[in-house]
Each structure stands twice: as C-alpha cells, then as structure tokens.
$ cat coords15.txt   # compact mmCIF, C-alpha atoms and all ligand atoms
# COMPACT_ATOMS: atom_id res chain seq x y z
CA MET A 1 14.74 24.63 18.63
CA LYS A 2 17.88 22.61 19.48
CA LYS A 3 18.64 19.90 16.88
CA ILE A 4 20.51 16.58 16.97
CA SER A 5 22.07 14.89 13.89
CA LEU A 6 20.94 11.33 13.06
CA LYS A 7 21.58 8.57 10.51
CA PRO A 8 18.98 8.25 7.66
CA ASN A 9 15.49 7.57 8.98
CA ASN A 10 11.99 8.94 8.43
CA ASP A 11 10.65 8.89 11.98
CA PHE A 12 8.09 11.60 12.70
CA CYS A 13 7.33 11.95 8.98
CA PRO A 14 4.00 10.07 8.75
CA GLN A 15 3.22 8.17 5.54
CA THR A 16 -0.02 6.91 4.06
CA LEU A 17 -0.35 3.14 3.74
CA PHE A 18 -1.40 1.21 0.62
CA LEU A 19 -1.87 -2.47 -0.18
CA TYR A 20 -0.41 -3.19 -3.63
CA GLY A 21 -2.34 -5.83 -5.55
CA THR A 22 -0.74 -7.94 -8.29
CA TYR A 23 -1.34 -11.24 -10.06
CA ASP A 24 1.33 -13.93 -10.24
CA GLU A 25 2.07 -15.79 -13.49
CA ASN A 26 -0.82 -18.18 -12.78
CA GLY A 27 -3.33 -15.38 -12.20
CA ASN A 28 -3.38 -15.75 -8.41
CA PRO A 29 -3.66 -12.44 -6.51
CA ASP A 30 -1.00 -11.26 -4.06
CA PHE A 31 -1.20 -8.23 -1.78
CA GLY A 32 1.71 -6.56 0.06
CA LEU A 33 1.77 -3.49 2.32
CA PHE A 34 3.66 -0.36 1.24
CA CYS A 35 4.23 3.19 2.46
CA TRP A 36 6.96 4.49 0.14
CA PHE A 37 4.35 5.93 -2.19
CA SER A 38 4.03 9.50 -3.40
CA TYR A 39 3.05 11.53 -6.43
CA ILE A 40 4.70 13.04 -9.52
CA TRP A 41 3.62 15.53 -12.13
CA ASP A 42 4.13 14.95 -15.87
CA GLY A 43 1.30 16.79 -17.58
CA GLU A 44 -1.05 14.96 -15.22
CA LEU A 45 -0.85 13.44 -11.76
CA GLY A 46 1.19 10.24 -11.55
CA ALA A 47 2.56 8.05 -8.76
CA MET A 48 6.04 7.05 -7.65
CA CYS A 49 6.88 4.10 -5.44
CA CYS A 50 9.92 2.32 -4.06
CA ILE A 51 10.22 -1.38 -3.33
CA GLY A 52 13.23 -2.48 -1.30
CA GLY A 53 14.73 -5.93 -1.79
CA ASN A 54 13.07 -8.93 -3.38
CA LYS A 55 9.40 -9.62 -2.85
CA THR A 56 6.50 -11.18 -4.70
CA THR A 57 4.96 -7.77 -5.37
CA ARG A 58 8.17 -6.67 -7.09
CA GLU A 59 8.43 -9.82 -9.21
CA ASN A 60 4.80 -9.49 -10.31
CA ILE A 61 5.10 -5.80 -11.16
CA GLU A 62 8.36 -6.28 -13.08
CA ARG A 63 6.62 -8.97 -15.16
CA GLY A 64 3.22 -7.34 -15.70
CA LYS A 65 4.07 -3.61 -15.29
CA ILE A 66 0.67 -3.01 -13.65
CA PHE A 67 -0.67 -3.10 -10.09
CA SER A 68 -3.29 -1.59 -7.81
CA ALA A 69 -2.63 0.60 -4.76
CA ASN A 70 -5.47 0.30 -2.26
CA LEU A 71 -5.78 2.84 0.55
CA VAL A 72 -5.49 1.18 3.99
CA THR A 73 -8.20 2.14 6.46
CA GLU A 74 -8.67 1.16 10.09
CA GLU A 75 -11.17 -1.49 8.98
CA LEU A 76 -8.41 -3.10 6.88
CA LEU A 77 -5.55 -2.66 9.35
CA ASN A 78 -5.32 -6.17 10.81
CA VAL A 79 -5.31 -7.69 7.32
CA ALA A 80 -2.89 -5.02 6.03
CA ASP A 81 -0.44 -5.65 8.86
CA TYR A 82 -0.60 -9.39 8.21
CA LEU A 83 0.01 -8.87 4.47
CA GLY A 84 2.95 -6.57 5.28
CA CYS A 85 4.55 -9.06 7.68
CA THR A 86 4.05 -12.21 5.58
CA SER A 87 6.15 -12.85 2.48
CA GLY A 88 4.44 -13.77 -0.76
CA SER A 89 6.86 -16.71 -0.92
CA ASP A 90 4.72 -18.30 1.85
CA PRO A 91 2.29 -20.46 -0.19
CA ASP A 92 -0.41 -19.95 2.49
CA LYS A 93 -0.13 -16.14 2.59
CA MET A 94 -3.28 -15.41 0.61
CA LYS A 95 -5.42 -18.08 2.33
CA ILE A 96 -7.23 -15.42 4.38
CA ASP A 97 -10.67 -13.85 4.08
CA LEU A 98 -10.31 -10.96 1.58
CA ASP A 99 -12.96 -9.36 -0.62
CA ILE A 100 -10.99 -9.14 -3.89
CA GLY A 101 -12.35 -7.51 -7.05
CA LYS A 102 -10.88 -6.44 -10.40
CA GLY A 103 -9.76 -3.08 -11.72
CA GLU A 104 -12.07 -1.28 -14.11
CA VAL A 105 -9.37 -0.37 -16.67
CA LEU A 106 -6.36 -2.59 -15.86
CA ASN A 107 -6.25 -6.32 -15.13
CA VAL A 108 -5.26 -5.87 -11.48
CA PRO A 109 -6.75 -7.28 -8.28
CA ILE A 110 -8.30 -4.65 -5.99
CA LEU A 111 -9.65 -4.72 -2.45
CA ASN A 112 -13.37 -4.02 -2.56
CA ASN A 113 -13.37 -2.77 1.06
CA SER A 114 -10.80 -0.05 0.40
CA PRO A 115 -12.44 3.30 -0.44
CA VAL A 116 -9.70 4.37 -2.91
CA ASN A 117 -8.10 2.03 -5.46
CA PHE A 118 -5.45 3.36 -7.84
CA GLU A 119 -4.96 1.36 -11.05
CA LEU A 120 -1.31 1.96 -11.93
CA GLU A 121 0.85 1.24 -14.97
CA VAL A 122 4.63 1.54 -14.61
CA THR A 123 6.30 3.72 -17.25
CA ASP A 124 9.82 3.79 -15.76
CA PHE A 125 11.73 1.28 -13.64
CA ILE A 126 14.82 2.74 -11.95
CA THR A 127 16.84 -0.18 -10.61
CA LYS A 128 19.18 0.61 -7.74
CA HIS A 129 21.56 -1.74 -5.90
CA ASP A 130 18.89 -3.30 -3.66
CA GLY A 131 15.80 -1.31 -4.48
CA LEU A 132 13.48 -0.43 -7.32
CA VAL A 133 11.89 2.96 -7.95
CA MET A 134 8.85 3.00 -10.19
CA LEU A 135 7.18 5.93 -11.93
CA CYS A 136 3.57 5.20 -12.78
CA LYS A 137 0.66 6.51 -14.83
CA ILE A 138 -2.64 6.54 -12.94
CA ARG A 139 -4.88 4.75 -15.46
CA ASN A 140 -7.96 4.88 -13.22
CA ILE A 141 -9.08 5.62 -9.67
CA LEU A 142 -11.98 3.69 -8.19
CA GLN A 143 -13.39 5.75 -5.33
CA ASP A 144 -16.24 5.07 -2.88
CA GLU A 145 -19.13 7.12 -4.28
CA SER A 146 -19.99 8.37 -0.77
CA LEU A 147 -16.78 10.43 -0.92
CA SER A 148 -18.55 12.68 -3.44
CA SER A 149 -20.98 13.85 -0.73
CA ASP A 150 -21.20 17.43 0.61
CA GLU A 151 -19.42 16.58 3.88
CA SER A 152 -16.17 18.43 4.66
CA VAL A 153 -12.85 16.76 3.84
CA GLU A 154 -12.31 16.33 7.60
CA GLN A 155 -15.67 14.54 8.00
CA LYS A 156 -14.93 12.25 5.04
CA LEU A 157 -11.45 11.38 6.32
CA SER A 158 -12.80 10.73 9.83
CA ARG A 159 -15.40 8.41 8.31
CA ILE A 160 -13.08 6.35 6.08
CA ALA A 161 -10.24 6.50 8.68
CA PRO A 162 -7.06 6.06 6.57
CA VAL A 163 -4.09 4.70 8.53
CA LYS A 164 -0.73 6.50 8.69
CA THR A 165 2.58 5.09 9.83
CA THR A 166 5.87 6.32 11.22
CA ALA A 167 8.48 4.99 13.64
CA GLN A 168 7.17 1.41 13.11
CA THR A 169 3.83 2.48 14.59
CA TYR A 170 0.36 2.68 13.03
CA LEU A 171 -1.59 5.89 13.69
CA SER A 172 -5.21 6.84 13.13
CA PHE A 173 -6.18 9.85 11.00
CA ASN A 174 -6.50 11.76 14.29
CA GLY A 175 -3.08 10.63 15.54
CA LYS A 176 -4.19 7.88 17.95
CA THR A 177 -1.82 4.90 18.27
CA LEU A 178 -3.18 1.77 16.58
CA GLY A 179 -0.28 -0.53 17.50
CA GLY A 180 3.23 -1.34 16.37
CA TRP A 181 4.14 -3.10 13.11
CA GLY A 182 3.34 -6.79 13.51
CA GLU A 183 0.72 -6.29 16.21
CA PRO A 184 -2.72 -5.72 14.57
CA GLY A 185 -2.33 -8.74 12.27
CA LYS A 186 -0.69 -11.21 14.63
CA ASP A 187 -3.90 -13.21 15.17
CA LEU A 188 -4.15 -13.83 11.41
CA LYS A 189 -0.69 -15.42 11.33
CA LYS A 190 -0.84 -19.18 10.90
C1 LIG B 201 3.88 -0.87 7.69
C2 LIG B 201 4.67 -1.50 6.59
C3 LIG B 201 5.04 -0.74 5.48
C4 LIG B 201 5.81 -1.29 4.45
N1 LIG B 201 6.20 -0.52 3.39
C5 LIG B 201 7.04 -1.03 2.45
C6 LIG B 201 7.51 -0.20 1.38
O1 LIG B 201 7.12 0.96 1.21
N2 LIG B 201 8.40 -0.75 0.51
C7 LIG B 201 8.82 -2.04 0.61
O2 LIG B 201 9.65 -2.49 -0.20
N3 LIG B 201 8.33 -2.87 1.58
C8 LIG B 201 7.45 -2.39 2.49
N4 LIG B 201 6.96 -3.20 3.50
C9 LIG B 201 7.32 -4.64 3.49
C10 LIG B 201 6.36 -5.51 2.63
O3 LIG B 201 5.00 -5.25 2.88
C11 LIG B 201 6.65 -6.99 2.96
O4 LIG B 201 7.96 -7.29 2.49
C12 LIG B 201 5.64 -7.95 2.40
O5 LIG B 201 5.89 -9.23 2.95
C13 LIG B 201 5.67 -8.03 0.89
O6 LIG B 201 4.74 -8.98 0.47
P1 LIG B 201 4.94 -9.80 -0.90
O7 LIG B 201 6.15 -10.70 -0.72
O8 LIG B 201 3.65 -10.57 -1.04
O9 LIG B 201 5.15 -8.79 -1.97
C14 LIG B 201 6.19 -2.67 4.53
C15 LIG B 201 5.78 -3.45 5.63
C16 LIG B 201 5.04 -2.87 6.65
C17 LIG B 201 4.62 -3.72 7.83
$ encode --input "coords15.txt" --output "structure tokens" --more "lines below"
Ligand SMILES: Cc1cc2nc3c(=O)[nH]c(=O)nc-3n(C[C@H](O)[C@H](O)[C@H](O)COP(=O)(O)O)c2cc1C
Amino acid sequence: MKKISLKPNNDFCPQTLFLYGTYDENGNPDFGLFCWFSYIWDGELGAMCCIGGNKTTRENIERGKIFSANLVTEELLNVADYLGCTSGSDPDKMKIDLDIGKGEVLNVPILNNSPVNFELEVTDFITKHDGLVMLCKIRNILQDESLSSDESVEQKLSRIAPVKTTAQTYLSFNGKTLGGWGEPGKDLKK
C-alpha cells in the first residue's frame, strides 16, 4: 500500500452521529448535531465528547453539566442535519416538529423517536484554546425495547438504521450515501 502524508483530518474514519439535547436557562430545549463522541472506561463505561467553538449546546452544558445524546437514525436525518447546520443563537431554530420527551434519571430533553438516548452527566471539563473536551458518566440509557429481541445485531442495526458520517457525507449503516452535510435538512431551513 503506497501512502501519502496529509494535514489533520478524519476522512475515511466513519463516526456515529448523536443529537445532544440541553435546556437553556429558561427551560427551553435545544438540540445540536455531534459526531466527536466516544467512550471511556473508569470502573464502568463512560462517554467523552468534544465541542469546538462557541455554541448553545456548549453554553447549556457548561451551566447545567447534564445533557442527552440521542442516536441519529435515517428517520431523523433531515431534522438532524437541520439542527447541525442551524445555530442555537437563531431564535427560530427549535420551531420545527420534534417529538421531545424527558430523561428518566436526569432533567434533560430527549428525542422520543431516537432508539437510544444516553443521559449524561459531565464529571470533567477540559478547556482547550477553542474547544472543550468533556468526560461524562452515563447515568441512564433509554433504549427501544424492541432492541432486546432475538434478532441478530445486524438485523437490529439494519432495522434502526443509524447514520454514520465522514468526509462531510452522511452514510447509511450499509455504506450507502445519504447526502452531503447541509443537504438532507435544507427544506427545513426557514
Ligand atoms: C454532521 C455534523 C456533525 C457535527 N459534529 C460536531 C461535533 O462533534 N462537535 C462540534 O463542536 N460541532 C459539531 N457540529 C456542529 C454543530 O452541530 C453546530 O454548530 C450546531 O449549529 C450547534 O447547535 P447549537 O448552537 O444549538 O448548539 C456538527 C455539525 C454537523 C452537520
């Protein structure tokens, strides 16, 4: 295999997408789209996330120290893309049709149509020059009860259809292109 050297990027390293749910200081929900999400071990499974720059999600998490991470599926993709391309500073951002519920353990907004909702509490904020790394305890996971069936993992994943992303492109669980960033949600833009 012949290699070429490149500047920092993560193309061809697919990531799972999540919508982070937070409340602002008035109790209004905000959702943003995130892919810099992975896991840590500290006696039990935890989560680690990075938020770059200033955004409403960051402000809300720094204030409340809790948020939800909702797995993005193909059914949610147009809404997810819209929420990832629209800043929370836009007062009309959340005026779209969303089925929003509440966490079971933490006071966080969740998306009822997402089959996996993590309820996360931040234990460590690591503030960098223009980014924030957060280490989190998983306080609860709300999971679609149909995922406890006897189907294979492949059948379950094909059914819920989580979306991956790399190279500014959305991909289905089976690797089919679902559009570029900014495309699936463009009709929701006001
Ligand atoms: C596909 C996709 C993935 C994204 N992943 C991240 C991420 O991991 N970290 C981040 O800081 N911003 C990420 N963003 C940008 C935020 O979703 C975007 O800034 C959004 O407007 C934040 O909303 P808010 O202002 O309501 O928090 C991503 C955007 C897209 C389209």
$ residues_near_ligand --input "coords15.txt" --ligand "ligand LIG 201 (chain B)" --cutoff "6 Å" --atoms "only C-alpha atoms and all ligand atoms" --output "list in words"
Asp30, Phe31, Gly32, Leu33, Phe34, Cys35, Trp36, Cys50, Ile51, Gly52, Lys55, Thr56, Thr57, Asp81, Gly84, Cys85, Thr86, Ser87, Gly88 and Trp181 of chain A
$ residues_around --input "coords15.txt" --residues "Leu142 of chain A" --least-positions-apart "3" --cutoff "9 Å" --atoms "all atoms listed in the file" --output "list of chain:residue names"
A:Gly103, A:Glu104, A:Pro115, A:Val116, A:Asn117, A:Phe118, A:Glu119, A:Glu145
$ atom_distance --input "coords15.txt" --atom1 "atom CA of Lys93 of chain A" --atom2 "atom CA of Lys189 of chain A"
8.8 Å
$ closest_residue --input "coords15.txt" --among "A:Lys95, A:Ala69, A:Leu178, A:Val153" --to "Ile141 of chain A" --atoms "all atoms listed in the file"
A:Ala69
$ residues_near_point --input "coords15.txt" --point "(0.8, -5.1, -12.5)" --cutoff "10 Å" --atoms "only C-alpha atoms" --output "list in words"
Tyr20, Gly21, Thr22, Tyr23, Asp24, Thr57, Arg58, Glu59, Asn60, Ile61, Glu62, Arg63, Gly64, Lys65, Ile66, Phe67, Ser68, Leu106, Asn107, Val108, Pro109, Glu119, Leu120, Glu121 and Val122 of chain A
$ atom_distance --input "coords15.txt" --atom1 "atom CA of Cys136 of chain A" --atom2 "atom CA of Asn26 of chain A"
23.8 Å
$ atom_distance --input "coords15.txt" --atom1 "atom CA of Thr166 of chain A" --atom2 "atom CA of Phe37 of chain A"
13.5 Å
$ closest_residue --input "coords15.txt" --among "A:Leu147, A:Asn113, A:Gly53, A:Asp97" --to "Asp130 of chain A" --atoms "all atoms listed in the file"
A:Gly53
